[in-house]
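To start, the structure under review is shown below, and the notes come after it.
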Amino acid sequence: MMMILGILLAATVAVALMLGQLAKMSFRERVLSTAAMLAAAFVFYGLVVLVEGAAH
């Protein structure tokens with residue numbers, strides 16, 4: 001389960017940084033965008049864990 005979280009977070013950071021570069025965002029905007037996407041990834045991961053736990 002932790003490996004899935006690691007992959008999810010690494011992919012989130014990579015996508016956020018690539019999108020920030022494509023949009024020509026400043027460094028501060030990239031950091032804020034990445035933080036927001038990481039928060040969304042944690043929420044998604046938490047929901048997956050809850051649903052998986054409820055299924056058992």
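In the structure tokens, the first chain shown is A, the next is B, and so on; residue numbers restart at 1 for each chain, and ligands run from 1 in the order shown.
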Using only C-alpha atoms, which residues sit within 12 Å of Ile4 in chain A once same-chain residues fewer than 2 positions away are excluded, as a PyMOL selection string?
chain A and resi 1-2+6-11+41-42+44-46+48-49
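Restricting the calculation to only C-alpha atoms, the smallest distance between Ala16 in chain A and any of A:Ala35, A:Met3, A:Val43, A:Ala54 is found for A:Ala35.
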In Å, rounded to a single decimal, give me how far CA of Leu38 in chain A is from CA of Leu50 in chain A.
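CA of Leu38 in chain A lies at a distance of 18.3 Å from CA of Leu50 in chain A.
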Give me, as a ChimeraX atom specification, all polymer residues having an atom no more than 10 Å from Leu17 in chain A, counting only C-alpha atoms and skipping those fewer than 4 positions away in the same chain.
/A:11-13,21-23,25,27,30-31,33-34
Separation of CA of Ala36 in chain A and CA of Gly20 in chain A, in Å?
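Computing it gives 12.5 Å between the two atoms.
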